[in-house]
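Visitor: What follows is the file entry.cif, containing mmCIF, C-alpha atoms:
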data_work
#
loop_
_atom_site.group_PDB
_atom_site.id
_atom_site.type_symbol
_atom_site.label_atom_id
_atom_site.label_comp_id
_atom_site.auth_asym_id
_atom_site.auth_seq_id
_atom_site.Cartn_x
_atom_site.Cartn_y
_atom_site.Cartn_z
ATOM 1 C CA MET A 171 -2.886 -6.250 17.679
ATOM 2 C CA GLY A 172 -1.611 -5.690 21.204
ATOM 3 C CA LEU A 173 -0.314 -9.238 21.551
ATOM 4 C CA PHE A 174 1.322 -8.965 18.125
ATOM 5 C CA GLY A 175 3.179 -5.790 19.105
ATOM 6 C CA GLU A 176 4.215 -6.996 22.516
ATOM 7 C CA SER A 177 5.690 -10.246 21.255
ATOM 8 C CA TYR A 178 7.467 -8.392 18.445
ATOM 9 C CA LEU A 179 9.122 -6.052 20.950
ATOM 10 C CA LEU A 180 9.762 -8.429 23.865
ATOM 11 C CA PHE A 181 11.302 -11.158 21.769
ATOM 12 C CA SER A 182 13.510 -8.669 19.955
ATOM 13 C CA VAL A 183 15.675 -8.385 23.088
ATOM 14 C CA GLY A 184 16.894 -11.957 22.674
ATOM 15 C CA THR A 185 17.242 -11.539 18.940
ATOM 16 C CA LEU A 186 19.277 -8.343 19.247
ATOM 17 C CA LYS A 187 21.606 -9.551 22.012
ATOM 18 C CA PRO A 188 24.250 -10.990 19.609
ATOM 19 C CA ILE A 189 24.257 -7.697 17.716
ATOM 20 C CA TRP A 190 24.656 -5.725 20.933
ATOM 21 C CA GLU A 191 27.574 -7.983 21.882
ATOM 22 C CA LYS A 192 29.343 -6.871 18.688
ATOM 23 C CA LEU A 193 28.388 -3.198 19.071
ATOM 24 C CA TYR A 194 29.267 -2.968 22.788
ATOM 25 C CA PRO A 195 32.053 -5.529 23.357
ATOM 26 C CA ASP A 196 33.387 -3.817 26.502
ATOM 27 C CA CYS A 197 29.946 -3.903 28.078
ATOM 28 C CA PHE A 198 29.344 -7.579 27.393
ATOM 29 C CA ALA A 199 32.886 -8.495 28.418
ATOM 30 C CA GLY A 200 32.055 -7.164 31.890
ATOM 31 C CA GLN A 201 34.355 -4.148 31.713
ATOM 32 C CA THR A 202 31.740 -1.383 31.731
ATOM 33 C CA CYS A 203 28.462 -3.191 32.472
ATOM 34 C CA SER A 204 27.674 -5.672 35.201
ATOM 35 C CA THR A 205 26.119 -9.012 34.316
ATOM 36 C CA SER A 206 23.141 -8.158 36.515
ATOM 37 C CA LEU A 207 22.520 -5.055 34.389
ATOM 38 C CA LEU A 208 22.613 -7.097 31.187
ATOM 39 C CA HIS A 209 20.273 -9.741 32.624
ATOM 40 C CA SER A 210 17.970 -7.087 34.041
ATOM 41 C CA MET A 211 16.470 -6.421 30.606
ATOM 42 C CA THR A 212 14.994 -9.922 30.601
ATOM 43 C CA TYR A 213 14.040 -9.916 34.278
ATOM 44 C CA ALA A 214 12.500 -6.448 34.122
ATOM 45 C CA ALA A 215 10.172 -7.466 31.307
ATOM 46 C CA VAL A 216 9.090 -10.666 33.089
ATOM 47 C CA ILE A 217 8.519 -8.881 36.408
ATOM 48 C CA GLY A 218 6.580 -6.172 34.558
ATOM 49 C CA VAL A 219 4.367 -8.815 32.925
ATOM 50 C CA ILE A 220 3.629 -10.433 36.304
ATOM 51 C CA CYS A 221 2.852 -7.063 37.897
ATOM 52 C CA GLY A 222 0.666 -6.072 34.941
ATOM 53 C CA MET A 223 -1.323 -9.314 35.053
ATOM 54 C CA THR A 224 -2.006 -8.861 38.721
ATOM 55 C CA VAL A 225 -2.472 -5.116 39.058
ATOM 56 C CA ILE A 226 -4.207 -4.310 35.771
ATOM 57 C CA GLY A 227 -6.288 -7.484 35.990
ATOM 58 C CA ILE A 228 -7.626 -6.448 39.405
ATOM 59 C CA LEU A 229 -7.883 -2.784 38.405
ATOM 60 C CA SER A 230 -9.896 -3.685 35.297
ATOM 61 C CA ASN A 231 -12.473 -5.416 37.468
ATOM 62 C CA ALA A 232 -12.988 -2.112 39.260
ATOM 63 C CA ILE A 233 -12.771 0.369 36.360
ATOM 64 C CA GLY A 234 -14.041 -1.822 33.523
ATOM 65 C CA ARG A 235 -12.383 -3.602 30.653
ATOM 66 C CA ARG A 236 -12.448 -0.599 28.338
ATOM 67 C CA MET A 237 -10.584 1.641 30.782
ATOM 68 C CA GLY A 238 -8.295 -1.273 31.660
ATOM 69 C CA SER A 239 -7.452 -1.610 27.976
ATOM 70 C CA ILE A 240 -6.661 2.104 27.809
ATOM 71 C CA VAL A 241 -4.354 1.792 30.835
ATOM 72 C CA THR A 242 -2.694 -1.231 29.232
ATOM 73 C CA ALA A 243 -2.210 0.554 25.915
ATOM 74 C CA THR A 244 -0.796 3.586 27.736
ATOM 75 C CA PHE A 245 1.868 1.518 29.508
ATOM 76 C CA MET A 246 2.767 -0.280 26.281
ATOM 77 C CA SER A 247 2.930 2.982 24.316
ATOM 78 C CA LEU A 248 5.070 4.771 26.907
ATOM 79 C CA GLY A 249 7.427 1.815 27.144
ATOM 80 C CA SER A 250 7.817 1.367 23.399
ATOM 81 C CA ILE A 251 8.233 5.076 22.646
ATOM 82 C CA GLY A 252 10.752 5.320 25.470
ATOM 83 C CA LEU A 253 12.694 2.366 24.077
ATOM 84 C CA VAL A 254 12.897 3.999 20.672
ATOM 85 C CA CYS A 255 14.026 7.290 22.219
ATOM 86 C CA CYS A 256 16.703 5.742 24.412
ATOM 87 C CA SER A 257 17.992 3.742 21.426
ATOM 88 C CA LEU A 258 18.262 6.945 19.412
ATOM 89 C CA PHE A 259 19.764 9.191 22.071
ATOM 90 C CA LEU A 260 21.718 6.914 24.427
ATOM 91 C CA TRP A 261 23.405 4.574 21.940
ATOM 92 C CA ASN A 262 26.887 5.929 22.735
ATOM 93 C CA ASP A 263 26.776 4.970 26.446
ATOM 94 C CA ALA A 264 26.059 1.247 26.794
ATOM 95 C CA GLU A 265 25.554 1.244 30.564
ATOM 96 C CA THR A 266 23.000 4.076 30.488
ATOM 97 C CA LEU A 267 21.341 2.583 27.412
ATOM 98 C CA PHE A 268 20.814 -0.856 28.963
ATOM 99 C CA LEU A 269 19.741 0.588 32.323
ATOM 100 C CA SER A 270 17.168 2.780 30.573
ATOM 101 C CA MET A 271 16.014 -0.155 28.482
ATOM 102 C CA SER A 272 15.512 -2.253 31.610
ATOM 103 C CA VAL A 273 13.283 0.392 33.195
ATOM 104 C CA LEU A 274 11.327 0.892 29.980
ATOM 105 C CA LEU A 275 10.946 -2.856 29.416
ATOM 106 C CA PHE A 276 9.472 -3.083 32.930
ATOM 107 C CA ILE A 277 6.958 -0.354 32.029
ATOM 108 C CA PHE A 278 6.187 -2.055 28.721
ATOM 109 C CA GLY A 279 5.879 -5.382 30.538
ATOM 110 C CA ILE A 280 3.192 -3.974 32.839
ATOM 111 C CA GLY A 281 1.116 -3.157 29.783
ATOM 112 C CA VAL A 282 1.797 -6.567 28.259
ATOM 113 C CA GLY A 283 0.783 -8.314 31.455
ATOM 114 C CA GLY A 284 -2.480 -6.418 31.537
ATOM 115 C CA GLU A 285 -3.112 -7.333 27.916
ATOM 116 C CA TYR A 286 -3.228 -11.092 28.589
ATOM 117 C CA PRO A 287 -6.275 -11.294 30.877
ATOM 118 C CA LEU A 288 -8.092 -8.518 29.028
ATOM 119 C CA SER A 289 -7.621 -10.129 25.601
ATOM 120 C CA ALA A 290 -8.660 -13.581 26.729
ATOM 121 C CA SER A 291 -11.765 -12.420 28.567
ATOM 122 C CA SER A 292 -12.733 -10.024 25.777
ATOM 123 C CA ALA A 293 -12.431 -12.678 23.056
ATOM 124 C CA SER A 294 -14.326 -15.187 25.151
ATOM 125 C CA GLU A 295 -17.160 -12.777 25.990
ATOM 126 C CA ARG A 296 -17.473 -11.590 22.381
ATOM 127 C CA SER A 297 -17.808 -15.169 21.280
ATOM 128 C CA MET A 298 -20.422 -15.868 23.962
ATOM 129 C CA MET A 299 -22.467 -12.844 22.841
ATOM 130 C CA GLU A 300 -22.354 -14.043 19.256
ATOM 131 C CA MET A 301 -23.491 -17.488 20.394
ATOM 132 C CA ARG A 302 -26.464 -15.986 22.251
ATOM 133 C CA GLU A 303 -27.483 -13.874 19.258
ATOM 134 C CA ARG A 304 -27.331 -16.870 16.954
ATOM 135 C CA ALA A 305 -29.370 -18.923 19.401
ATOM 136 C CA LYS A 306 -32.096 -16.250 19.452
ATOM 137 C CA LEU A 307 -32.243 -16.165 15.661
ATOM 138 C CA GLU A 308 -32.451 -19.915 15.409
ATOM 139 C CA SER A 309 -34.984 -20.443 18.177
ATOM 140 C CA LEU A 310 -37.651 -21.086 15.549
ATOM 141 C CA GLN A 311 -35.762 -24.078 14.126
ATOM 142 C CA GLN A 312 -36.260 -27.665 15.203
ATOM 143 C CA HIS A 313 -34.709 -28.966 18.428
ATOM 144 C CA HIS A 314 -32.358 -31.355 16.615
ATOM 145 C CA GLN A 315 -30.885 -28.626 14.445
ATOM 146 C CA GLN A 316 -30.271 -26.425 17.499
ATOM 147 C CA GLN A 317 -28.280 -29.170 19.250
ATOM 148 C CA GLN A 318 -25.982 -29.553 16.259
ATOM 149 C CA HIS A 319 -25.482 -25.787 16.053
ATOM 150 C CA HIS A 320 -24.631 -25.439 19.776
ATOM 151 C CA SER A 321 -21.724 -27.860 19.400
ATOM 152 C CA ARG A 322 -20.433 -25.804 16.443
ATOM 153 C CA GLN A 323 -20.799 -22.569 18.473
ATOM 154 C CA ASN A 324 -18.644 -23.892 21.321
ATOM 155 C CA GLU A 325 -15.910 -24.720 18.802
ATOM 156 C CA GLY A 326 -16.033 -21.103 17.580
ATOM 157 C CA ARG A 327 -15.498 -19.760 21.081
ATOM 158 C CA GLY A 328 -12.217 -21.608 21.550
ATOM 159 C CA ARG A 329 -11.140 -20.723 18.036
ATOM 160 C CA ARG A 330 -11.557 -16.995 18.730
ATOM 161 C CA VAL A 331 -9.406 -17.147 21.875
ATOM 162 C CA LEU A 332 -6.826 -19.195 19.984
ATOM 163 C CA LEU A 333 -6.687 -16.621 17.186
ATOM 164 C CA VAL A 334 -6.091 -13.818 19.691
ATOM 165 C CA PHE A 335 -3.026 -15.554 21.101
ATOM 166 C CA THR A 336 -1.813 -16.667 17.664
ATOM 167 C CA MET A 337 -0.884 -13.045 17.097
ATOM 168 C CA GLN A 338 2.031 -13.566 19.489
ATOM 169 C CA GLY A 339 3.567 -16.079 17.123
ATOM 170 C CA MET A 340 3.025 -13.735 14.208
ATOM 171 C CA GLY A 341 4.874 -10.975 16.091
ATOM 172 C CA ILE A 342 7.837 -13.258 16.791
ATOM 173 C CA LEU A 343 7.940 -14.371 13.166
ATOM 174 C CA LEU A 344 7.802 -10.819 11.807
ATOM 175 C CA ASN A 345 10.510 -9.777 14.289
ATOM 176 C CA ALA A 346 12.873 -12.438 12.943
ATOM 177 C CA ILE A 347 12.043 -11.641 9.315
ATOM 178 C CA THR A 348 12.521 -7.891 9.849
ATOM 179 C CA LEU A 349 15.873 -8.342 11.580
ATOM 180 C CA THR A 350 17.077 -10.733 8.901
ATOM 181 C CA ILE A 351 16.133 -8.321 6.120
ATOM 182 C CA LEU A 352 17.760 -5.360 7.889
ATOM 183 C CA LEU A 353 20.958 -7.293 8.539
ATOM 184 C CA TYR A 354 21.103 -8.364 4.919
ATOM 185 C CA LEU A 355 20.433 -4.871 3.578
ATOM 186 C CA TYR A 356 22.883 -3.037 5.817
ATOM 187 C CA ASN A 357 25.636 -5.596 6.120
ATOM 188 C CA PRO A 358 25.300 -8.635 3.855
ATOM 189 C CA ASN A 359 28.720 -9.944 4.939
ATOM 190 C CA GLY A 360 27.750 -10.106 8.626
ATOM 191 C CA LEU A 361 28.898 -8.140 11.625
ATOM 192 C CA GLN A 362 32.655 -7.744 11.877
#
Turn this file's structure into structure tokens for me.

Guide:
Amino acid sequence: MGLFGESYLLFSVGTLKPIWEKLYPDCFAGQTCSTSLLHSMTYAAVIGVICGMTVIGILSNAIGRRMGSIVTATFMSLGSIGLVCCSLFLWNDAETLFLSMSVLLFIFGIGVGGEYPLSASSASERSMMEMRERAKLESLQQHHQQQQHHSRQNEGRGRRVLLVFTMQGMGILLNAITLTILLYLYNPNGLQ
């Protein structure tokens, strides 16, 4: 679910940018906000992801995957709760809003970056454990049947990792559907 949530949130920045341009025209026209501030939301998230992959990936080797996952979830939770709060309380000052969002997207990005190596290794190891357990149960079967089963087990391992990262696409899809529904419900004639 972590990859679902992170893709939902991270890709919403690009989806919401046209709406922000209508809500904060002075900011996007360069009168109150610099272009570097507006671009920093994207850069902050990407830099956070890179830092998270590196730092949390290395840290998880030392403290264990479970604690690494807790650290990752903490960064993602703090970032997402902070983004909701700044959207609720700073909406009337575009410059402060987008600066706060950049910082919080960096924090969220650290958690997202840590999620990638942890998810992939966790899915792969879970699949390997299942393969070993199946092999033990089937050790009484004939040699030919075991060879056929081992090829099917290796397919399952890749499928599990693929399913973990498929959740990113589901998050992006739900993000677009949610925004479309909200825009239709609140302003069916479009932004004016």

Visitor: Taking into account all atoms listed in the file, which residue in the set A:Ile189, A:Leu288, A:Met271, A:Ala264 is nearest to Leu229 of chain A?

Guide: A:Leu288

Visitor: For Ala290 of chain A, which residue among A:Asn345, A:Thr336, A:Thr202, A:Ser182 is the nearest when counting only C-alpha atoms?

Guide: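 Among the listed residues, A:Thr336 lies closest to Ala290 of chain A.
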
Visitor: Ranking A:Cys256, A:Gly238, A:Glu303, A:Ser230 by minimum distance to Leu275 of chain A and counting all atoms listed in the file, which one comes first?

Guide: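 Nearest to Leu275 of chain A: A:Cys256.
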
Visitor: Once the PyMOL selection byres ((chain A and resi 276) around 6) has been evaluated on this model, what residues remain selected, and can you format them as a tab-separated table (two decimals) with C-alpha atoms, keeping the file's coordinate frame?

Guide:
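What ended up in out-v9.tsv:
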chain	number	residue	atom	x	y	z
A	214	ALA	CA	12.50	-6.45	34.12
A	215	ALA	CA	10.17	-7.47	31.31
A	218	GLY	CA	6.58	-6.17	34.56
A	273	VAL	CA	13.28	0.39	33.20
A	274	LEU	CA	11.33	0.89	29.98
A	275	LEU	CA	10.95	-2.86	29.42
A	277	ILE	CA	6.96	-0.35	32.03
A	278	PHE	CA	6.19	-2.06	28.72
A	279	GLY	CA	5.88	-5.38	30.54

Visitor: Provide the atom CA of Ile220 of chain A to atom CA of Gly283 of chain A distance in Å, to one decimal place.

Guide: 6.0 Å

Visitor: Tell me, in Å to one decimal, how far atom CA of Ile240 of chain A is from atom CA of Leu333 of chain A.

Guide: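 Taking atom CA of Ile240 of chain A and atom CA of Leu333 of chain A, their separation equals 21.5 Å.
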
Visitor: When distances are computed from all atoms listed in the file, which of A:Thr185, A:Ser291, A:Thr266, A:Thr242 shows the smallest separation from Thr212 of chain A?

Guide: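 That would be A:Thr185, the residue with the smallest distance to Thr212 of chain A.
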
Visitor: Between A:Phe259, A:Tyr356, A:Cys203, A:Arg302, which has the minimum distance to Glu191 of chain A (counting only C-alpha atoms)?

Guide: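 Distance minimum relative to Glu191 of chain A lands on A:Cys203.
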
Visitor: Let me have the centre and edge lengths of the axis-aligned box enclosing all listed atoms of segment 183-202 of chain A with 6 Å padding on every side, in Å to one decimal, as AutoDock Vina command-line options.

Guide:
--center_x 25.0 --center_y -6.7 --center_z 24.8 --size_x 30.7 --size_y 22.6 --size_z 26.2

Visitor: Name the residues that the PyMOL selection byres ((chain A and resi 285) around 8) picks from the file above, as a list in words, using the file's chain letters and numbers.

Guide: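 Taken over the shown coordinates, the PyMOL selection byres ((chain A and resi 285) around 8) returns Gly172, Leu173, Met223, Ser239, Thr242, Gly281, Val282, Gly283, Gly284, Tyr286, Pro287, Leu288 and Ser289 of chain A.
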
Visitor: So what do you get for atom CA of Leu258 of chain A versus atom CA of Leu180 of chain A, distance-wise?

Guide: 18.1 Å

Visitor: Here's the selection I'm unsure about, the PyMOL selection byres ((chain A and resi 337) around 10); applied to the file above, which residues does it give, as a VMD selection string?

Guide: chain A and resid 171 to 178 332 to 336 338 to 343

Visitor: Could you check which of A:Ile217, A:Leu179, A:Ala346, A:Met299 is closest to Ile251 of chain A, using all atoms listed in the file?

Guide: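 Smallest separation from Ile251 of chain A among the options: A:Leu179.
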
Visitor: What would segment 344-360 of chain A look like with N, CA, C and O atoms in place, written as an mmCIF file, in the coordinates of the input?

Guide:
data_model
loop_
_atom_site.group_PDB
_atom_site.id
_atom_site.type_symbol
_atom_site.label_atom_id
_atom_site.label_comp_id
_atom_site.auth_asym_id
_atom_site.auth_seq_id
_atom_site.Cartn_x
_atom_site.Cartn_y
_atom_site.Cartn_z
ATOM 1 N N LEU A 344 7.495 -12.067 12.499
ATOM 2 C CA LEU A 344 7.802 -10.819 11.807
ATOM 3 C C LEU A 344 9.068 -10.164 12.367
ATOM 4 O O LEU A 344 9.847 -9.576 11.620
ATOM 5 N N ASN A 345 9.293 -10.299 13.665
ATOM 6 C CA ASN A 345 10.510 -9.777 14.289
ATOM 7 C C ASN A 345 11.733 -10.419 13.645
ATOM 8 O O ASN A 345 12.678 -9.732 13.252
ATOM 9 N N ALA A 346 11.727 -11.728 13.525
ATOM 10 C CA ALA A 346 12.873 -12.438 12.943
ATOM 11 C C ALA A 346 13.053 -12.078 11.472
ATOM 12 O O ALA A 346 14.189 -11.863 11.013
ATOM 13 N N ILE A 347 11.959 -11.990 10.743
ATOM 14 C CA ILE A 347 12.043 -11.641 9.315
ATOM 15 C C ILE A 347 12.582 -10.219 9.143
ATOM 16 O O ILE A 347 13.463 -9.980 8.312
ATOM 17 N N THR A 348 12.071 -9.284 9.939
ATOM 18 C CA THR A 348 12.521 -7.891 9.849
ATOM 19 C C THR A 348 14.007 -7.774 10.152
ATOM 20 O O THR A 348 14.754 -7.114 9.413
ATOM 21 N N LEU A 349 14.458 -8.412 11.223
ATOM 22 C CA LEU A 349 15.873 -8.342 11.580
ATOM 23 C C LEU A 349 16.737 -8.969 10.496
ATOM 24 O O LEU A 349 17.786 -8.424 10.137
ATOM 25 N N THR A 350 16.311 -10.070 9.961
ATOM 26 C CA THR A 350 17.077 -10.733 8.901
ATOM 27 C C THR A 350 17.196 -9.833 7.673
ATOM 28 O O THR A 350 18.288 -9.693 7.091
ATOM 29 N N ILE A 351 16.108 -9.223 7.283
ATOM 30 C CA ILE A 351 16.133 -8.321 6.120
ATOM 31 C C ILE A 351 17.041 -7.125 6.383
ATOM 32 O O ILE A 351 17.855 -6.745 5.535
ATOM 33 N N LEU A 352 16.920 -6.521 7.573
ATOM 34 C CA LEU A 352 17.760 -5.360 7.889
ATOM 35 C C LEU A 352 19.234 -5.728 7.930
ATOM 36 O O LEU A 352 20.086 -4.971 7.450
ATOM 37 N N LEU A 353 19.553 -6.868 8.511
ATOM 38 C CA LEU A 353 20.958 -7.293 8.539
ATOM 39 C C LEU A 353 21.484 -7.531 7.134
ATOM 40 O O LEU A 353 22.614 -7.181 6.810
ATOM 41 N N TYR A 354 20.670 -8.115 6.290
ATOM 42 C CA TYR A 354 21.103 -8.364 4.919
ATOM 43 C C TYR A 354 21.291 -7.061 4.152
ATOM 44 O O TYR A 354 22.283 -6.891 3.430
ATOM 45 N N LEU A 355 20.355 -6.139 4.314
ATOM 46 C CA LEU A 355 20.433 -4.871 3.578
ATOM 47 C C LEU A 355 21.610 -4.002 4.013
ATOM 48 O O LEU A 355 22.272 -3.385 3.198
ATOM 49 N N TYR A 356 21.862 -3.951 5.313
ATOM 50 C CA TYR A 356 22.883 -3.037 5.817
ATOM 51 C C TYR A 356 24.255 -3.658 5.930
ATOM 52 O O TYR A 356 25.256 -2.965 5.969
ATOM 53 N N ASN A 357 24.324 -4.966 6.018
ATOM 54 C CA ASN A 357 25.636 -5.596 6.120
ATOM 55 C C ASN A 357 25.518 -7.041 5.662
ATOM 56 O O ASN A 357 25.495 -7.950 6.468
ATOM 57 N N PRO A 358 25.488 -7.268 4.356
ATOM 58 C CA PRO A 358 25.300 -8.635 3.855
ATOM 59 C C PRO A 358 26.441 -9.593 4.192
ATOM 60 O O PRO A 358 26.273 -10.787 4.140
ATOM 61 N N ASN A 359 27.589 -9.078 4.593
ATOM 62 C CA ASN A 359 28.720 -9.944 4.939
ATOM 63 C C ASN A 359 28.744 -10.299 6.420
ATOM 64 O O ASN A 359 29.652 -10.958 6.868
ATOM 65 N N GLY A 360 27.794 -9.819 7.204
ATOM 66 C CA GLY A 360 27.750 -10.106 8.626
ATOM 67 C C GLY A 360 28.443 -9.040 9.438
ATOM 68 O O GLY A 360 29.147 -8.184 8.907
#
